[in-house]
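my_file.tsv (TSV, C-alpha atoms)
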chain	number	residue	atom	x	y	z
A	42	MET	CA	100.33	-76.93	43.97
A	43	PRO	CA	96.80	-76.49	45.07
A	44	GLY	CA	96.01	-73.52	47.27
A	45	ARG	CA	99.21	-71.73	46.48
A	46	SER	CA	97.46	-68.90	44.75
A	47	LEU	CA	95.00	-68.70	47.69
A	48	ARG	CA	97.81	-68.22	50.07
A	49	VAL	CA	98.95	-65.01	48.57
A	50	PRO	CA	99.12	-63.23	51.91
A	51	GLY	CA	99.43	-59.65	50.71
A	52	LEU	CA	96.36	-59.65	48.44
A	53	ARG	CA	94.14	-61.31	51.03
A	54	LYS	CA	95.06	-58.81	53.71
A	55	ILE	CA	94.38	-56.00	51.33
A	56	VAL	CA	90.90	-57.39	50.53
A	57	ASP	CA	90.11	-58.03	54.19
A	58	ALA	CA	90.97	-54.47	55.11
A	59	TRP	CA	88.15	-53.04	52.97
A	60	PRO	CA	86.68	-50.84	55.76
A	61	TRP	CA	89.97	-49.04	56.04
A	62	TRP	CA	90.01	-48.46	52.32
A	63	LEU	CA	86.54	-46.99	52.54
A	64	LEU	CA	87.69	-44.70	55.34
A	65	LEU	CA	90.67	-43.61	53.29
A	66	LEU	CA	88.35	-42.93	50.35
A	67	ALA	CA	86.09	-40.86	52.58
A	68	LEU	CA	89.05	-38.86	53.85
A	69	VAL	CA	90.20	-38.23	50.30
A	70	GLY	CA	86.64	-37.08	49.54
A	71	VAL	CA	86.78	-34.72	52.49
A	72	ARG	CA	90.12	-33.39	51.34
A	73	LEU	CA	88.92	-32.85	47.78
A	74	SER	CA	85.70	-31.14	48.89
A	75	LYS	CA	87.61	-28.76	51.19
A	76	GLY	CA	86.23	-30.39	54.33
A	77	ALA	CA	82.56	-30.02	53.43
A	78	GLY	CA	81.01	-32.70	55.64
A	79	ILE	CA	83.17	-31.91	58.66
A	80	VAL	CA	82.46	-28.21	58.65
A	81	ASP	CA	78.75	-28.84	58.18
A	82	ALA	CA	78.73	-31.25	61.10
A	83	TYR	CA	80.63	-28.75	63.22
A	84	ALA	CA	78.15	-26.03	62.29
A	85	LEU	CA	75.26	-28.29	63.23
A	86	LEU	CA	76.76	-29.20	66.59
A	87	SER	CA	77.92	-25.72	67.52
A	88	ARG	CA	74.76	-23.91	66.43
A	89	PRO	CA	73.46	-23.46	70.02
A	90	PHE	CA	76.64	-21.59	70.89
A	91	TRP	CA	76.71	-19.20	67.95
A	92	PRO	CA	76.75	-15.48	68.73
A	93	GLY	CA	72.98	-15.03	68.81
A	94	PRO	CA	70.42	-12.99	70.76
A	95	ALA	CA	72.34	-13.51	73.98
A	96	GLN	CA	75.47	-11.87	72.72
A	97	SER	CA	73.63	-9.01	71.05
A	98	GLN	CA	71.90	-8.45	74.38
A	99	TRP	CA	75.25	-8.10	76.13
A	100	LEU	CA	76.29	-5.64	73.49
A	101	ARG	CA	73.06	-3.70	73.88
A	102	SER	CA	73.35	-3.56	77.65
A	103	ALA	CA	76.93	-2.39	77.32
A	104	GLN	CA	75.74	0.31	74.94
A	105	LEU	CA	72.98	1.27	77.39
A	106	LEU	CA	75.50	1.50	80.21
A	107	GLN	CA	77.67	3.75	78.11
A	108	GLN	CA	74.71	5.98	77.25
A	109	GLN	CA	73.63	6.16	80.90
A	110	ALA	CA	77.10	7.13	81.94
A	111	SER	CA	77.32	9.82	79.30
A	112	VAL	CA	73.85	11.14	80.25
A	113	GLU	CA	74.93	11.38	83.89
A	114	GLN	CA	78.10	13.11	82.84
A	115	LEU	CA	76.15	15.58	80.69
A	116	GLU	CA	73.66	16.22	83.49
A	117	ARG	CA	76.47	17.02	85.89
A	118	ASP	CA	78.02	19.29	83.30
A	119	ASN	CA	74.68	20.94	82.59
A	120	ARG	CA	74.04	21.56	86.28
A	121	ARG	CA	77.45	23.12	86.69
A	122	LEU	CA	76.96	25.39	83.66
A	123	ARG	CA	73.45	26.37	84.74
A	124	ALA	CA	74.81	27.20	88.16
A	125	LEU	CA	77.47	29.37	86.52
A	126	LEU	CA	74.75	31.16	84.54
A	127	GLU	CA	72.63	31.42	87.73
A	128	LEU	CA	69.74	29.78	85.84
A	129	ASP	CA	69.33	26.97	88.31
A	130	ARG	CA	66.89	28.34	90.81
A	131	ASN	CA	65.40	25.01	91.83
A	132	ASN	CA	68.18	22.87	93.08
A	133	GLY	CA	65.44	21.41	95.27
A	134	GLN	CA	65.37	18.20	97.18
A	135	ARG	CA	63.13	15.43	95.95
A	136	VAL	CA	60.72	13.76	98.33
A	137	SER	CA	59.43	10.31	97.43
A	138	ALA	CA	55.75	9.81	98.15
A	139	PRO	CA	53.48	6.78	97.73
A	140	VAL	CA	50.32	7.08	95.64
A	141	ILE	CA	47.43	6.17	97.95
A	142	SER	CA	44.51	6.87	95.62
A	143	ARG	CA	44.50	7.00	91.87
A	144	ASP	CA	41.70	8.22	89.61
A	145	PRO	CA	43.19	8.91	86.18
A	146	ALA	CA	39.81	8.69	84.40
A	147	GLY	CA	36.39	10.06	85.14
A	148	TRP	CA	35.41	13.65	85.92
A	149	TRP	CA	38.71	14.61	87.52
A	150	GLN	CA	42.23	13.35	86.82
A	151	GLN	CA	43.99	13.31	90.16
A	152	LEU	CA	46.25	11.35	92.49
A	153	GLU	CA	46.43	11.39	96.27
A	154	LEU	CA	49.90	11.09	97.79
A	155	GLY	CA	50.72	9.70	101.22
A	156	LYS	CA	52.87	12.65	102.28
A	157	GLY	CA	51.87	16.21	103.03
A	158	SER	CA	52.84	19.54	104.48
A	159	SER	CA	54.63	17.90	107.42
A	160	ASP	CA	57.14	16.51	104.89
A	161	GLY	CA	57.62	19.92	103.29
A	162	LEU	CA	55.13	19.55	100.42
A	163	ARG	CA	53.37	22.75	99.28
A	164	PRO	CA	50.73	23.47	96.59
A	165	GLY	CA	52.25	24.12	93.16
A	166	GLN	CA	55.25	21.87	93.56
A	167	PRO	CA	56.05	19.68	90.53
A	168	VAL	CA	55.53	15.92	90.69
A	169	LEU	CA	57.72	13.44	88.80
A	170	ALA	CA	57.04	9.79	88.11
A	171	PRO	CA	59.23	7.13	86.54
A	172	GLY	CA	59.11	8.20	82.90
A	173	GLY	CA	58.71	11.94	83.31
A	174	PHE	CA	56.72	14.86	84.62
A	175	ILE	CA	53.09	14.09	85.52
A	176	GLY	CA	51.59	17.11	87.25
A	177	ARG	CA	51.61	19.55	90.13
A	178	LEU	CA	50.28	19.59	93.68
A	179	SER	CA	46.96	21.37	94.01
A	180	SER	CA	46.35	21.08	97.75
A	181	VAL	CA	48.03	19.53	100.76
A	182	THR	CA	46.95	18.37	104.20
A	183	PRO	CA	49.43	17.50	106.97
A	184	THR	CA	49.74	13.92	105.73
A	185	THR	CA	48.35	13.85	102.18
A	186	ALA	CA	48.70	15.84	98.97
A	187	ARG	CA	46.53	16.04	95.85
A	188	VAL	CA	48.10	16.05	92.39
A	189	VAL	CA	46.46	17.61	89.32
A	190	LEU	CA	47.58	15.38	86.48
A	191	LEU	CA	48.59	16.91	83.14
A	192	THR	CA	45.54	15.17	81.65
A	193	ASP	CA	43.04	17.07	83.83
A	194	GLY	CA	40.99	19.72	82.06
A	195	SER	CA	42.25	22.44	84.39
A	196	SER	CA	45.94	21.70	83.80
A	197	ARG	CA	48.11	24.13	81.78
A	198	LEU	CA	51.85	23.77	81.28
A	199	GLY	CA	54.34	25.58	79.07
A	200	VAL	CA	56.31	22.97	77.10
A	201	TRP	CA	59.15	22.93	74.62
A	202	VAL	CA	59.66	20.95	71.43
A	203	ALA	CA	63.43	20.68	71.29
A	204	ARG	CA	63.80	19.52	67.67
A	205	VAL	CA	62.10	22.59	66.19
A	206	GLN	CA	62.78	24.88	69.18
A	207	ARG	CA	59.15	25.88	69.70
A	208	HIS	CA	57.16	26.71	72.79
A	209	GLY	CA	53.63	25.49	73.26
A	210	LEU	CA	50.94	25.25	75.91
A	211	LEU	CA	50.06	21.74	77.05
A	212	VAL	CA	46.33	21.74	77.88
A	213	GLY	CA	44.61	18.81	79.61
A	214	GLN	CA	41.44	17.51	77.95
A	215	GLY	CA	40.10	15.00	80.45
A	216	THR	CA	41.32	12.23	78.14
A	217	PRO	CA	44.59	10.27	78.44
A	218	ARG	CA	46.07	12.51	75.72
A	219	PRO	CA	46.49	16.23	76.42
A	220	ARG	CA	46.95	18.63	73.49
A	221	ILE	CA	49.62	21.22	72.76
A	222	GLN	CA	48.45	24.61	71.55
A	223	PHE	CA	51.15	26.35	69.53
A	224	LEU	CA	51.53	30.07	69.25
A	225	ASP	CA	52.51	30.45	65.60
A	226	LYS	CA	51.36	28.96	62.34
A	227	ASP	CA	54.39	27.18	60.89
A	228	THR	CA	55.66	24.93	63.62
A	229	GLY	CA	57.18	22.05	61.67
A	230	VAL	CA	56.25	19.72	64.52
A	231	ARG	CA	55.93	16.08	63.47
A	232	PRO	CA	54.55	12.98	65.18
A	233	GLY	CA	57.37	11.47	67.22
A	234	ASP	CA	58.81	14.77	68.43
A	235	VAL	CA	59.80	14.73	72.09
A	236	ILE	CA	58.13	17.21	74.45
A	237	THR	CA	59.96	18.50	77.53
A	238	THR	CA	59.31	21.16	80.11
A	239	SER	CA	60.60	24.53	79.01
A	240	PRO	CA	64.38	24.96	79.46
A	241	ALA	CA	63.79	28.46	80.82
A	242	SER	CA	61.12	27.36	83.28
A	243	THR	CA	61.44	28.30	86.91
A	244	LEU	CA	58.06	26.94	88.05
A	245	VAL	CA	58.90	23.35	87.13
A	246	PRO	CA	62.33	21.77	86.71
A	247	PRO	CA	63.61	22.54	83.19
A	248	ASN	CA	64.18	19.94	80.46
A	249	LEU	CA	62.09	17.18	82.00
A	250	LEU	CA	60.56	14.64	79.64
A	251	VAL	CA	56.78	15.08	79.32
A	252	GLY	CA	55.75	13.00	76.33
A	253	VAL	CA	55.82	12.42	72.60
A	254	VAL	CA	53.75	14.08	69.87
A	255	GLN	CA	51.29	11.57	68.53
A	256	SER	CA	49.46	13.49	65.83
A	257	VAL	CA	49.40	17.05	64.55
A	258	ASN	CA	46.29	18.90	63.43
A	259	GLU	CA	47.62	21.37	60.86
A	260	ASP	CA	44.19	22.60	59.73
A	261	LEU	CA	43.28	24.28	62.99
A	262	ALA	CA	43.05	28.09	62.90
A	263	PRO	CA	44.83	30.26	63.94
A	264	ALA	CA	47.66	27.89	64.94
A	265	PRO	CA	47.96	24.11	64.80
A	266	ASP	CA	47.69	21.86	67.81
A	267	ALA	CA	48.99	18.37	68.51
A	268	ALA	CA	47.95	15.38	70.60
A	269	VAL	CA	50.58	14.18	73.09
A	270	GLN	CA	51.16	10.75	74.56
A	271	LEU	CA	52.57	11.23	78.06
A	272	SER	CA	55.76	9.32	78.76
A	273	ALA	CA	54.93	8.42	82.37
A	274	PRO	CA	52.30	5.67	82.79
A	275	VAL	CA	49.87	7.63	84.95
A	276	ASP	CA	47.42	4.79	85.54
A	277	ALA	CA	50.15	2.46	86.85
A	278	VAL	CA	52.35	4.79	88.88
A	279	ASP	CA	52.68	3.84	92.57
A	280	TRP	CA	55.56	6.06	93.78
A	281	VAL	CA	56.26	9.62	92.71
A	282	GLN	CA	58.85	12.24	93.54
A	283	VAL	CA	57.90	15.75	94.55
A	284	VAL	CA	60.44	18.50	93.95
A	285	VAL	CA	60.57	20.43	97.22
A	286	ARG	CA	62.15	23.83	97.14
B	141	MET	CA	11.37	12.17	108.29
B	142	GLY	CA	11.82	8.49	108.89
B	143	VAL	CA	13.63	6.82	111.72
B	144	LEU	CA	16.73	5.68	109.90
B	145	HIS	CA	18.69	8.87	110.56
B	146	ARG	CA	18.19	8.38	114.31
B	147	GLN	CA	20.19	5.14	114.16
B	148	ARG	CA	23.72	6.38	114.40
B	149	TRP	CA	25.34	3.35	112.79
B	150	CYS	CA	22.99	3.59	109.78
B	151	GLY	CA	24.22	7.09	109.02
B	152	ALA	CA	27.79	5.99	109.64
B	153	THR	CA	27.57	3.59	106.69
B	154	GLY	CA	27.65	6.73	104.53
B	155	LEU	CA	31.37	6.95	105.36
B	156	VAL	CA	31.86	4.04	102.99
B	157	VAL	CA	31.05	6.37	100.05
B	158	PRO	CA	34.12	8.67	100.28
B	159	LEU	CA	36.33	5.70	101.17
B	160	LEU	CA	35.18	3.77	98.08
B	161	THR	CA	35.56	6.90	95.94
B	162	LEU	CA	39.18	7.22	97.10
B	163	ALA	CA	39.97	3.51	96.80
B	164	SER	CA	38.20	3.33	93.40
B	165	PRO	CA	38.59	-0.46	93.07
B	166	ALA	CA	39.79	-1.34	89.59
B	167	ALA	CA	37.61	-4.47	89.39
B	168	LEU	CA	34.46	-2.33	89.45
B	169	LYS	CA	35.31	-0.01	86.58
B	170	ILE	CA	34.22	0.23	82.97
B	171	ALA	CA	36.88	1.74	80.69
B	172	GLY	CA	38.57	3.36	83.68
B	173	VAL	CA	35.37	4.96	84.97
B	174	ALA	CA	34.14	4.08	88.46
B	175	PRO	CA	30.45	3.89	89.43
B	176	SER	CA	28.83	6.74	91.34
B	177	TRP	CA	29.08	5.39	94.89
B	178	ALA	CA	27.12	8.37	96.22
B	179	VAL	CA	24.10	7.42	94.11
B	180	LEU	CA	24.35	3.77	95.15
B	181	TRP	CA	24.21	4.72	98.85
B	182	LEU	CA	21.73	7.58	98.59
B	183	LEU	CA	19.07	5.70	96.61
B	184	PRO	CA	18.12	3.13	99.30
B	185	TRP	CA	18.58	5.68	102.09
B	186	ALA	CA	16.14	8.15	100.54
B	187	LEU	CA	13.65	5.45	99.54
B	188	VAL	CA	13.44	4.26	103.16
B	189	ASP	CA	13.85	7.52	105.06
B	190	GLY	CA	11.86	10.06	103.07
B	191	PRO	CA	12.48	13.30	101.16
B	192	ALA	CA	13.79	15.57	103.94
B	193	SER	CA	16.27	13.02	105.24
B	194	GLY	CA	17.24	12.18	101.64
B	195	ALA	CA	18.00	15.81	100.82
B	196	VAL	CA	20.06	16.25	104.00
B	197	ALA	CA	21.98	13.05	103.28
B	198	GLY	CA	22.58	14.32	99.72
B	199	LEU	CA	23.92	17.60	101.12
B	200	ALA	CA	26.24	15.79	103.54
B	201	LEU	CA	27.55	13.41	100.90
B	202	GLY	CA	27.98	16.21	98.38
B	203	LEU	CA	30.01	18.33	100.81
B	204	VAL	CA	32.35	15.45	101.61
B	205	LEU	CA	32.80	14.42	97.97
B	206	ASP	CA	33.43	18.01	96.81
B	207	GLY	CA	36.27	18.11	99.29
B	208	LEU	CA	37.86	15.11	97.60
B	209	HIS	CA	37.83	16.57	94.09
B	210	LEU	CA	39.77	19.17	92.17
B	211	GLY	CA	38.29	22.52	91.29
B	212	TRP	CA	34.98	24.13	92.18
B	213	ALA	CA	32.41	21.93	90.40
B	214	SER	CA	29.95	20.70	93.05
B	215	GLU	CA	27.88	17.56	93.42
B	216	VAL	CA	25.72	19.08	96.18
B	217	PRO	CA	22.76	20.42	94.13
B	218	ALA	CA	22.31	17.23	92.12
B	219	LEU	CA	22.62	14.95	95.15
B	220	MET	CA	20.15	17.03	97.24
B	221	LEU	CA	17.65	17.01	94.40
B	222	LEU	CA	18.04	13.24	93.93
B	223	GLY	CA	17.65	12.60	97.67
B	224	TRP	CA	14.48	14.64	97.81
B	225	TRP	CA	13.05	13.07	94.63
B	226	TRP	CA	13.77	9.48	95.70
B	227	GLY	CA	12.38	10.23	99.16
B	228	ARG	CA	9.08	11.29	97.58
B	229	ILE	CA	9.01	8.17	95.44
B	230	GLY	CA	9.56	6.07	98.55
B	231	ARG	CA	6.74	7.78	100.47
B	232	ARG	CA	4.13	7.52	97.70
B	233	GLY	CA	2.77	4.39	96.09
B	234	LEU	CA	4.03	0.87	96.51
B	235	PRO	CA	7.50	0.29	97.93
B	236	ILE	CA	10.08	-0.10	95.19
B	237	GLU	CA	11.55	-3.58	95.27
B	238	ARG	CA	12.19	-4.87	91.79
B	239	SER	CA	15.77	-4.81	90.58
B	240	TYR	CA	14.74	-3.33	87.25
B	241	ASN	CA	13.24	-0.27	88.96
B	242	LEU	CA	16.25	0.13	91.26
B	243	GLY	CA	18.66	-0.12	88.34
B	244	LEU	CA	16.69	2.40	86.30
B	245	LEU	CA	16.48	4.91	89.17
B	246	ALA	CA	20.20	4.57	89.91
B	247	ALA	CA	21.16	4.93	86.24
B	248	LEU	CA	18.96	8.02	85.92
B	249	GLY	CA	20.41	9.46	89.12
B	250	ALA	CA	24.00	8.88	87.96
B	251	PHE	CA	23.13	10.45	84.60
B	252	LEU	CA	21.69	13.56	86.27
B	253	LEU	CA	24.63	13.84	88.65
B	254	GLY	CA	27.14	13.43	85.81
B	255	GLY	CA	25.17	15.84	83.63
B	256	SER	CA	25.27	18.53	86.32
B	257	LEU	CA	29.05	18.06	86.64
B	258	LEU	CA	29.48	18.17	82.86
B	259	LEU	CA	27.58	21.47	82.67
B	260	GLN	CA	29.56	22.98	85.53
B	261	LEU	CA	32.92	21.90	84.06
B	262	ARG	CA	31.94	23.42	80.72
B	263	TRP	CA	30.77	26.57	82.47
B	264	HIS	CA	34.11	27.10	84.18
B	265	ASP	CA	36.94	27.43	81.68
B	266	HIS	CA	37.70	23.74	82.00
B	267	HIS	CA	39.04	22.16	78.82
B	268	LEU	CA	37.03	18.98	78.95
B	269	ALA	CA	36.95	17.33	75.53
B	270	PRO	CA	33.33	16.54	74.56
B	271	VAL	CA	34.25	12.92	73.87
B	272	ALA	CA	35.72	12.52	77.36
B	273	GLY	CA	32.64	14.06	78.99
B	274	TRP	CA	30.14	11.84	77.22
B	275	HIS	CA	32.31	8.78	77.72
B	276	THR	CA	32.45	9.33	81.48
B	277	LEU	CA	28.75	10.17	81.67
B	278	PHE	CA	27.52	7.07	79.85
B	279	ALA	CA	30.03	4.66	81.39
B	280	GLN	CA	29.21	5.86	84.91
B	281	SER	CA	25.42	5.72	84.41
B	282	LEU	CA	25.60	2.25	82.91
B	283	LEU	CA	27.85	0.88	85.65
B	284	THR	CA	25.79	2.47	88.44
B	285	GLY	CA	22.59	1.05	86.94
B	286	LEU	CA	24.14	-2.41	86.72
B	287	LEU	CA	25.44	-2.42	90.30
B	288	ALA	CA	22.29	-0.93	91.87
B	289	PRO	CA	20.10	-4.08	91.80
B	290	VAL	CA	22.75	-5.97	93.78
B	291	LEU	CA	23.92	-3.36	96.26
B	292	CYS	CA	20.82	-1.22	96.69
B	293	SER	CA	18.42	-4.12	97.22
B	294	LEU	CA	20.62	-5.45	100.05
B	295	GLN	CA	20.67	-2.04	101.74
B	296	LEU	CA	16.93	-1.60	101.16
B	297	LEU	CA	16.14	-4.94	102.83
B	298	ARG	CA	18.37	-4.19	105.80
B	299	TRP	CA	17.17	-0.61	106.35
B	300	ARG	CA	13.48	-1.43	105.85
B	301	ARG	CA	13.80	-4.06	108.60
B	302	VAL	CA	15.45	-1.50	110.88
B	303	ALA	CA	12.73	1.05	110.10
B	304	GLU	CA	9.97	-1.50	110.90
B	305	LEU	CA	11.63	-2.56	114.16
B	306	ARG	CA	12.02	1.01	115.33
B	307	GLY	CA	8.42	1.80	114.45
B	308	GLY	CA	8.79	3.85	111.27
Give the structure from the file, written as structure tokens.
Amino acid sequence: MPGRSLRVPGLRKIVDAWPWWLLLLALVGVRLSKGAGIVDAYALLSRPFWPGPAQSQWLRSAQLLQQQASVEQLERDNRRLRALLELDRNNGQRVSAPVISRDPAGWWQQLELGKGSSDGLRPGQPVLAPGGFIGRLSSVTPTTARVVLLTDGSSRLGVWVARVQRHGLLVGQGTPRPRIQFLDKDTGVRPGDVITTSPASTLVPPNLLVGVVQSVNEDLAPAPDAAVQLSAPVDAVDWVQVVVR
Amino acid sequence: MGVLHRQRWCGATGLVVPLLTLASPAALKIAGVAPSWAVLWLLPWALVDGPASGAVAGLALGLVLDGLHLGWASEVPALMLLGWWWGRIGRRGLPIERSYNLGLLAALGAFLLGGSLLLQLRWHDHHLAPVAGWHTLFAQSLLTGLLAPVLCSLQLLRWRRVAELRGG
């Protein structure tokens, strides 16, 4: 009976189906290794969609929104309380004015604004830029106004370091960094401290951001002084707001 | 006096000085410091038109520029002196033409002008840091001296031709 053994149908089919056996083996391997290859492949394919910078940005912007909202809320609250205490003497309007000439370096540190006395501007009024307080009006014409920047050598401003609760005098030096002169010896002021206008000020709006302490000179007699980096970019500002009383 | 001041449009070019001072083009600045436009205009004017006209032009320019600046420091004395001095140089000896001479005169003029301002700012209780003062002084003199050969020689050529035509 030649060929009888060759015609064993079951065995032949089993041998011919070797790819399926291999697949089964691979699946058993996957099972035993707790799905190693599959998970790795999934990780590789889904990597572009992982929670990365994009998602953290959404989170950050949400956080920013929350902070902005709480700042607005606090400002409203603060205004109401100041009004109750009758501290708020300058609930003035703000007039936006374009900067038509800018000379933040050289012999004088000044800006010319494109609005003047016909828009209600008067000498001495405070000028705000995006980023904080930058100076005060020194003279006005009917259609222009001149701003003395905080960096000008003739500029003096009482400022407040909130962290240590100290007053100081911000004196312009003709350089981009004015200095604060303190009144007493032990100030505890450190680089990084935030400088604002004095909370009790009636000449300029209180609690406005002015700048950040950059370095402190402790050796100076009789009281230390500190260099300040202004928070508003004076050499790039193109629109300012004047607080009109 | 020369004849230049009798040409109305020649004097009117002086209006460019306050306009350029206000515009203070950023492309023509070194480390944030602009050149002294008053010196760049006054130098060729005084060289062509003589000491008296130079001093008067210096006075006029100084009055206008003082109006554009903060505080009481004045550019008038320095500009009048420079106008008179350059007018004398223009009247005596050979006419100044070489760019090196023009650059040197302009740089010296800007240095004197800046020096007078520095002294006045120190005199008033103006807290000008020494570093800032010297920085402005040197940057302005250098820039004025570098621009003078280009700008002043063009004005000199133009105004000398006008002066010859009108019988100066």
**Report entry** Interface residues on chain B facing chain A, 10 Å, all atoms listed in the file, written as a ChimeraX atom specification
**Finding:** /B:159,161-166,171-175,208-211,213,254,257-258,261-262,264-273,275-277,279-280
Requested in this report: Could you jot down the atom CA of A:Val285 to atom CA of A:Gly161 separation for me, Å, one decimal place?
Outcome: 6.8 Å
8 Å per side around stretch 98-103 of chain A: axis-aligned box centre and edge lengths, as lines of an AutoDock Vina configuration file:
center_x = 74.4
center_y = -5.4
center_z = 75.6
size_x = 21.0
size_y = 22.1
size_z = 20.2
Query raised in the report: What is the distance between atom CA of A:Pro265 and atom CA of A:Gly252, in Å to one decimal?
Result: 17.8 Å
**Report entry** Best match for closeness to A:Ala273 among A:Val253, A:Leu68, A:Val140, A:Ile55, counting all atoms listed in the file
**Finding:** A:Val253
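Near stretch 285-300 of chain B, within 7 Å and counting all atoms listed in the file, sit Leu180, Pro184, Val188, Ser239, Leu242, Gly243, Leu244, Ala246, Ala247, Ser281 and Glu304 of chain B; same-chain residues fewer than 4 positions away were not included.
Taking atom CA of B:Val302 and atom CA of B:Val143 as endpoints, the distance between them is 8.6 Å.
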Query raised in the report: Which residues come within 12 Å of B:Pro158, counting all atoms listed in the file, excluding same-chain residues fewer than 4 positions away, as an MDAnalysis selection string?
Result: (chainID A and resid 142) or (chainID B and resid 152:154 162:164 176:179 181 200:209)
